[in-house]
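K.L.:
Here's a structure for you.
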Amino acid sequence: MHQERYSRQELFKPIGTDGQQELSEKHVLIIGAGALGTGASESLVRAGVGKITIIDRDYVEWSNLQRQSLYSEEDARKKMPKAIAAKYRLEQVNSYVEIQAIVADITYEDLLKYAEKCDLIIDATDNFETRFVINDVAQKLELPWIYGACVGSTGMSFTVIPGVTPCFNCLWETTPPTGQTCDTAGIISPAVMMVTAHQTADALKILSGNTEALSGRLVTFDVWQNDYQSIGVSRMKKADCPSCGEDPTYPYLTMESAMKTAVLCGRDTVQIRPAEKKMIDLGDLHTIFSTQGLPVQYNQFLISITFDPYRMVIFKDGRVLIHGTNDKTEAKKVYHRVFN
Ligand SMILES: [Zn+2]
């Protein structure tokens, strides 16, 4: 290790050499390797955390390159799973950090298993359902987690400290009705970077033992409208909250909250997850589709077949993406052409 690698960060007094040492012993779980996940993972890997586990269900597409900082054109051409492409790139950035990449659509059981060994969870997902699951996992394991979201030119961040701040469930209670999503509003990268900056600043505070520097406030902004707010929310902590209250039931860990089919944000895509997890032999499928003369593209993680006007992507764990529709019923019909 080069002596000067972290010298500028160590010169920053609140971190210093002690804080740097603490960072190097910490393990961060990052849920999602899209815009927020690539930003957070790159910052934390450069900062010298000990280990990162990054989980993502998707692969790199051309429309990601505008804001997902770790990915290259080659990743898009090869349809690399994001978690894997991120790992390769992060290892080039800092070979002293251990990077664990997981290609999966995470269930709450998985999340509990991975989070158990971590010191902090960073939310880099694009949906409220998963955030409620992360929230319950974090409360149950008494782990801090950092919420982040962005759309258009706006963003929001909040750091949940179990036993101290209100939790996600206190703040939102239910999934807000779907309003603006990246479908309708798009997104610009400075909005992403601003959320990443807030998330990773708080991560550095927590991981280096500077929790007194946390604001405990909800941060929202619009980089286009030049509007920045920091909102006090401590009074929203509810004593009877089912996730963080006196008698928690962790509702998102007991019910099967994850949907089997989900329309993916801004993608004209439906995801179908089989009720039972089973591994699929992609080589066999590739042979079958090639024999039928279907246009098929294949790597060790996934297989992509075109059924004009749809495109189907099948992952090893049996999960399927149907591109070309936002209609779940239509997507299921396409799915059943291959699976019964
Ligand atoms: Zn709560």
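All residue names refer to the structure tokens as shown: chains lettered A, B, ... in order, residues numbered from 1 in each chain, ligands numbered from 1 in order.
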Dump as CSV the rows for residues of chain A within 6 Å of ligand 1: closest atom pair and distance in Å with one decimal, only C-alpha atoms and all ligand atoms counted, ordered by chain and rising residue number.
P.N.:
residue,atom,partner,partner_atom_place_in_ligand_line,distance
A:Pro166,CA,ligand 1,1 (Zn),5.2
A:Cys167,CA,ligand 1,1 (Zn),4.0
A:Asn169,CA,ligand 1,1 (Zn),4.8
A:Cys170,CA,ligand 1,1 (Zn),3.9
A:Lys237,CA,ligand 1,1 (Zn),6.0
A:Lys238,CA,ligand 1,1 (Zn),5.9
A:Cys241,CA,ligand 1,1 (Zn),4.6
A:Ser243,CA,ligand 1,1 (Zn),5.0
A:Cys244,CA,ligand 1,1 (Zn),4.1
A:Gly245,CA,ligand 1,1 (Zn),5.9
K.L.:
Could you give me the residues within segment 137-275 of chain A that DSSP places in strand (DSSP E), as number ranges by chain?
P.N.:
A: 145-151, 154-160, 217-222, 227-232, 261-264, 269-272
K.L.:
Just how far from atom CA of Ala203 of chain A is atom CA of Pro14 of chain A, in Å to one decimal?
P.N.:
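Separation between atom CA of Pro14 of chain A and atom CA of Ala203 of chain A: 13.4 Å.
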K.L.:
Tell me which protein, DNA and RNA residues are within 10 Å of Tyr71 of chain A, counting only C-alpha atoms, leaving out same-chain ones fewer than 2 positions away, and put them as a short mmCIF file (atom, residue, chain, number, x, y, z; two decimals) with N, CA and C atoms, in the first residue's frame.
P.N.:
data_model
loop_
_atom_site.label_atom_id
_atom_site.label_comp_id
_atom_site.auth_asym_id
_atom_site.auth_seq_id
_atom_site.Cartn_x
_atom_site.Cartn_y
_atom_site.Cartn_z
N GLY A 34 -26.99 0.96 -9.70
CA GLY A 34 -27.36 1.92 -10.75
C GLY A 34 -26.58 3.21 -10.51
N THR A 38 -23.35 3.06 -8.05
CA THR A 38 -22.00 3.21 -8.62
C THR A 38 -21.31 4.41 -7.98
N VAL A 60 -25.96 -3.92 -17.65
CA VAL A 60 -25.65 -2.58 -18.16
C VAL A 60 -26.27 -2.37 -19.54
N GLU A 61 -26.95 -1.23 -19.69
CA GLU A 61 -27.54 -0.86 -20.98
C GLU A 61 -27.00 0.51 -21.39
N TRP A 62 -27.16 0.83 -22.67
CA TRP A 62 -26.61 2.08 -23.19
C TRP A 62 -27.19 3.29 -22.47
N ASN A 64 -27.77 3.68 -19.53
CA ASN A 64 -27.19 3.86 -18.18
C ASN A 64 -25.94 4.73 -18.19
N LEU A 65 -25.25 4.76 -19.34
CA LEU A 65 -23.90 5.34 -19.36
C LEU A 65 -23.88 6.84 -19.06
N GLN A 66 -25.00 7.50 -19.29
CA GLN A 66 -25.10 8.95 -19.06
C GLN A 66 -24.87 9.31 -17.59
N ARG A 67 -25.14 8.39 -16.66
CA ARG A 67 -25.03 8.77 -15.24
C ARG A 67 -24.45 7.68 -14.34
N GLN A 68 -24.26 6.47 -14.83
CA GLN A 68 -23.80 5.39 -13.95
C GLN A 68 -22.30 5.26 -14.13
N SER A 69 -21.57 5.90 -13.22
CA SER A 69 -20.19 6.31 -13.46
C SER A 69 -19.19 5.17 -13.61
N GLU A 73 -18.70 1.50 -22.38
CA GLU A 73 -19.42 1.03 -23.58
C GLU A 73 -19.29 -0.48 -23.73
N GLU A 74 -18.11 -0.98 -23.36
CA GLU A 74 -17.92 -2.42 -23.47
C GLU A 74 -18.89 -3.19 -22.57
N ASP A 75 -19.13 -2.65 -21.37
CA ASP A 75 -20.08 -3.29 -20.45
C ASP A 75 -21.48 -3.33 -21.08
N ALA A 76 -21.86 -2.24 -21.75
CA ALA A 76 -23.18 -2.19 -22.39
C ALA A 76 -23.25 -3.16 -23.56
N MET A 80 -23.15 -6.78 -19.48
CA MET A 80 -22.59 -7.27 -18.23
C MET A 80 -23.55 -6.99 -17.07
N LYS A 82 -24.63 -5.61 -13.76
CA LYS A 82 -24.06 -4.40 -13.15
C LYS A 82 -23.15 -4.71 -11.97
N ALA A 85 -19.79 -5.92 -13.38
CA ALA A 85 -19.05 -4.83 -14.03
C ALA A 85 -18.54 -3.84 -12.99
N ALA A 86 -19.36 -3.57 -11.97
CA ALA A 86 -18.95 -2.65 -10.90
C ALA A 86 -17.75 -3.23 -10.15
N TYR A 88 -15.42 -5.34 -11.18
CA TYR A 88 -14.21 -5.26 -12.00
C TYR A 88 -13.62 -3.86 -11.94
N ARG A 89 -14.47 -2.88 -12.13
CA ARG A 89 -14.01 -1.49 -12.16
C ARG A 89 -13.49 -1.06 -10.78
#
K.L.:
So that I can check the surroundings of Leu112 of chain A, please list as a list in words every protein, DNA and RNA residue that reaches within 10 Å of it, counting only C-alpha atoms and ignoring chain neighbours fewer than 5 positions away.
P.N.:
Ile106, Thr107, Lys117, Val133, Ile134, Asp136, Val137, Ala138, Lys140, Leu141 and Leu253 of chain A
K.L.:
Output C-alpha atoms for every residue in that selection, as a PDB file, in the first residue's frame.
P.N.:
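Written file, result-v6.pdb:
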ATOM      1  CA  ILE A 106     -32.927  -9.500  -3.376  1.00  0.00           C
ATOM      2  CA  THR A 107     -35.476 -11.058  -1.042  1.00  0.00           C
ATOM      3  CA  LYS A 117     -22.151  -9.131   8.562  1.00  0.00           C
ATOM      4  CA  VAL A 133     -37.623  -4.126   3.490  1.00  0.00           C
ATOM      5  CA  ILE A 134     -34.191  -2.529   3.999  1.00  0.00           C
ATOM      6  CA  ASP A 136     -37.027  -3.479   8.674  1.00  0.00           C
ATOM      7  CA  VAL A 137     -33.789  -5.403   8.206  1.00  0.00           C
ATOM      8  CA  ALA A 138     -31.786  -2.447   9.503  1.00  0.00           C
ATOM      9  CA  LYS A 140     -33.966  -5.665  13.354  1.00  0.00           C
ATOM     10  CA  LEU A 141     -30.161  -5.844  13.149  1.00  0.00           C
ATOM     11  CA  LEU A 253     -39.993  -9.239   6.989  1.00  0.00           C
TER      12      LEU A 253
END
